[in-house]
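Asker: Input: one structure, supplied below.
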Amino acid sequence: MFIDQVKIKIAAGDGGNGAVAWRREKYISNGGPAGGDGGHGGSIIFVADEGLTTLIDLRFNRVLTAKPGENGMGKGMHGKNSDDLIVKVPVGTIVYDQDTNLIVADLTENNQRAIIAKGGRGGRGNIHFATPRNTAPELAENGGIGQKREIRVELKVLADVGLVGFPSVGKSTLISVVSAAKPKIAAYHFTTLVPNLGVVRAPDGRSFIMADLPGLIQGAAEGAGLGHQFLRHIERTRVILHVIDMAGSEGRDPYEDFMTINNELGQYRYKLLERPQIVVANKMDMEGAEDNLKKFKDQVGEEVEVVEISAFTRQNLDQLLYKTADLLANTPQFPLYDEDETEQSVVYKFTPEEAPFAIDQDDAGVYVVTGERVEKILHQTDFNREASVQRFARQLRQLGVDQALRELGVEDGDLVRVMDFEFEFKE
């Protein structure tokens, strides 16, 4: 079973809570705070493994969850950090954020690693909050929330050369005679339902990877036939071999086939027509092929390079391999995506800081405070301890929430809500 696309939900582990504890040891005076920090939550990391060929493991495991960090303990002991969840995927895997459609990771090399969801930071214990004015703080932080997201994982075949063309033009036969690949070959359309890869070696010793990809039909760029299931796998190729049944054995016109396939390549998002292409005039051993080839060359002009072969009789295959290897030697890698399609971890430019919070009033008159920074402060607060609640109030005041509420007309006793936490406003 060949699985090349799957959607899954992932959740990194939350950080462990910091501890409130005190040092009480015999013969040691003036104890003090001794609460340790919580451990960090486990991250979810994808690792490229050249031994894998499909995403079938993810197909049957649609939810991935890393373990949370351990809570801090007394005597200043740090909670245990949770182990990261390592997920092995095939080389050529791309991970997209399902909500933004941005690329999170593109794994193109064996053992390449990428953090897909980062674990939460462990909360600080009360040992960190001691000051000369407050030598016994009843205060500790809860651990940070692990990142949660829904992702789309796609496998895009890593090949130097891609074979394109209508069904039954001889692509599978060609790759079977120039490499050790053993694709299914039969006398009906869409025999090839999954990409077949083979290592091809030219007579002079140069080698490259060739992919026999499922046949295209008109409308493939919009998803007709195997549609995007095919086109996804040609995105990484540097050279395209456009295989045409020059004998017209199924009643189709070779030139119309050529134009139709190129039209589908041109409509696809990755500008596939910008890649160098060799037209492989196949089935030259059959009747009518020579006449069709002469007509075809007149129609496409001299700018289109045509190599005449017969995959069945192995006619002229060496010339095709030489020309392909020469073209590869002078063709760089094509960018698979634009910079603005990827998540950026560091941006070296000035951008105005967004407001740290927003305040709205619901139908019941409750002031609702939202914002990433406010929600982070809330999550780190242990509301079972008075000192933590007071710190929460100070942090909101320092952030400017109190003043913003006053400007909106808040009065003593009005309800204010941050996420699920609701309290009365007091001057």
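How things are named: the first chain in the structure tokens is A, the next is B, and so on; residues count from 1 in each chain; ligands count from 1 in the order shown.
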Give me the residues near segment 412-414 of chain A as a list in words, where near means some atom within 8 Å (using only C-alpha atoms) and where sequence neighbours in that chain fewer than 6 positions away do not count.
Answerer: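 Once the nearby chain positions are removed, what remains is Val366, Tyr367, Glu424, Phe425, Lys426 and Glu427 of chain A.
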Asker: Those same residues, written as a PDB file, in the first residue's frame with N, CA, C and O atoms?
Answerer:
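Saved the output as result-v2.pdb:
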```
ATOM      1  N   VAL A 366     -20.041  41.253  30.425  1.00  0.00           N
ATOM      2  CA  VAL A 366     -18.751  40.822  30.955  1.00  0.00           C
ATOM      3  C   VAL A 366     -17.636  41.317  30.034  1.00  0.00           C
ATOM      4  O   VAL A 366     -17.726  41.191  28.806  1.00  0.00           O
ATOM      5  N   TYR A 367     -16.579  41.887  30.630  1.00  0.00           N
ATOM      6  CA  TYR A 367     -15.422  42.338  29.852  1.00  0.00           C
ATOM      7  C   TYR A 367     -14.518  41.116  29.589  1.00  0.00           C
ATOM      8  O   TYR A 367     -14.038  40.476  30.542  1.00  0.00           O
ATOM      9  N   GLU A 424     -14.034  39.726  39.678  1.00  0.00           N
ATOM     10  CA  GLU A 424     -14.626  41.054  39.791  1.00  0.00           C
ATOM     11  C   GLU A 424     -13.509  42.111  39.780  1.00  0.00           C
ATOM     12  O   GLU A 424     -12.466  41.931  40.400  1.00  0.00           O
ATOM     13  N   PHE A 425     -13.777  43.197  39.069  1.00  0.00           N
ATOM     14  CA  PHE A 425     -12.801  44.283  39.013  1.00  0.00           C
ATOM     15  C   PHE A 425     -12.871  45.091  40.308  1.00  0.00           C
ATOM     16  O   PHE A 425     -13.947  45.465  40.761  1.00  0.00           O
ATOM     17  N   LYS A 426     -11.706  45.372  40.893  1.00  0.00           N
ATOM     18  CA  LYS A 426     -11.609  46.171  42.111  1.00  0.00           C
ATOM     19  C   LYS A 426     -10.578  47.255  41.910  1.00  0.00           C
ATOM     20  O   LYS A 426      -9.468  47.001  41.437  1.00  0.00           O
ATOM     21  N   GLU A 427     -10.946  48.486  42.294  1.00  0.00           N
ATOM     22  CA  GLU A 427      -9.983  49.586  42.238  1.00  0.00           C
ATOM     23  C   GLU A 427      -8.951  49.453  43.366  1.00  0.00           C
ATOM     24  O   GLU A 427      -9.280  49.077  44.466  1.00  0.00           O
TER      25      GLU A 427
END
```
Asker: Within 7 Å of Ala105 of chain A, counting only C-alpha atoms, which residues qualify if same-chain residues fewer than 3 places away don't, as a list in words?
Answerer: Ile94, Val95 and Ala114 of chain A
Asker: Those same residues, written as an mmCIF file, in the first residue's frame with N, CA, C and O atoms?
Answerer:
```cif
data_model
loop_
_atom_site.group_PDB
_atom_site.id
_atom_site.type_symbol
_atom_site.label_atom_id
_atom_site.label_comp_id
_atom_site.auth_asym_id
_atom_site.auth_seq_id
_atom_site.Cartn_x
_atom_site.Cartn_y
_atom_site.Cartn_z
ATOM 1 N N ILE A 94 7.160 16.386 3.365
ATOM 2 C CA ILE A 94 6.911 17.798 3.667
ATOM 3 C C ILE A 94 5.767 17.869 4.659
ATOM 4 O O ILE A 94 4.769 17.172 4.516
ATOM 5 N N VAL A 95 5.923 18.727 5.666
ATOM 6 C CA VAL A 95 4.899 18.899 6.705
ATOM 7 C C VAL A 95 4.314 20.302 6.573
ATOM 8 O O VAL A 95 5.054 21.287 6.580
ATOM 9 N N ALA A 114 13.397 17.647 12.368
ATOM 10 C CA ALA A 114 12.658 18.902 12.449
ATOM 11 C C ALA A 114 11.671 18.828 13.612
ATOM 12 O O ALA A 114 10.953 17.835 13.769
#
```
Asker: From the set A:Glu372, A:Lys156, A:Asp212, A:Asp360, which residue has the shortest atom-to-atom contact distance to Ala404 of chain A, counting only C-alpha atoms?
Answerer: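 That would be A:Asp360, the residue with the smallest distance to Ala404 of chain A.
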Asker: Contacts of segment 139-141 of chain A at 10 Å or less, counting only C-alpha atoms, minus same-chain residues fewer than 4 places along, as a PyMOL selection string?
Answerer: chain A and resi 16-21+33+35-38+72+122-130+377+379-382+385-391
Asker: Could the residues in this selection be written to a file with C-alpha atoms, as a compact mmCIF listing (two decimals), in the first residue's frame?
Answerer:
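Result file result_20.txt:
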```txt
# COMPACT_ATOMS: atom_id res chain seq x y z
CA GLY A 16 5.72 20.43 34.62
CA ASN A 17 4.65 22.82 37.40
CA GLY A 18 7.18 24.47 39.67
CA ALA A 19 7.05 23.50 43.36
CA VAL A 20 6.52 25.51 46.51
CA ALA A 21 8.67 23.85 49.16
CA PRO A 33 12.49 28.30 49.74
CA GLY A 35 10.91 24.38 45.42
CA GLY A 36 12.41 22.97 42.22
CA ASP A 37 11.47 23.73 38.63
CA GLY A 38 9.15 21.58 36.55
CA GLY A 72 9.23 20.15 40.46
CA GLY A 122 8.78 23.82 32.88
CA GLY A 123 7.44 26.25 35.47
CA ARG A 124 9.81 27.86 37.98
CA GLY A 125 9.75 26.81 41.61
CA ASN A 126 9.61 29.23 44.53
CA ILE A 127 13.39 29.09 44.89
CA HIS A 128 13.51 31.60 42.01
CA PHE A 129 11.16 34.14 43.60
CA ALA A 130 13.05 34.81 46.83
CA ILE A 377 0.24 34.51 32.19
CA HIS A 379 -1.82 29.39 32.43
CA GLN A 380 1.34 29.90 34.50
CA THR A 381 -0.64 31.05 37.55
CA ASP A 382 -1.46 28.65 40.39
CA ARG A 385 -2.08 30.16 46.23
CA GLU A 386 -2.80 33.74 47.23
CA ALA A 387 0.69 34.92 46.31
CA SER A 388 0.27 33.60 42.77
CA VAL A 389 -3.11 35.32 42.40
CA GLN A 390 -1.60 38.62 43.54
CA ARG A 391 1.24 38.20 41.05
```
Asker: Using only C-alpha atoms, which residue out of A:Gly13, A:Lys7, A:Gln299, A:Tyr268 lies closest to Gln98 of chain A?
Answerer: A:Lys7
Asker: In Å, with one decimal, what is the gap from atom CA of Val418 of chain A to atom CA of Thr65 of chain A?
Answerer: 26.6 Å
Asker: For Thr53 of chain A, work out the shell of residues within 10 Å, counting only C-alpha atoms and skipping chain neighbours fewer than 4 positions away, then give it as an NGL selection string.
Answerer: :A and (2-4 or 49 or 89-93 or 155 or 157)
Asker: DSSP on the backbone: what in segment 232-395 of chain A comes out strand (DSSP E), as a list in words?
Answerer: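 The strand (DSSP E) residues within segment 232-395 of chain A come out as Val239, Ile240, Leu241, His242, Val243, Ile244, Asp245, Gln277, Ile278, Val279, Val280, Ala281, Asn282, Val306, Val307, Glu308, Ala358, Ile359, Asp360, Gln361, Tyr367, Val368, Val369 and Thr370 of chain A.
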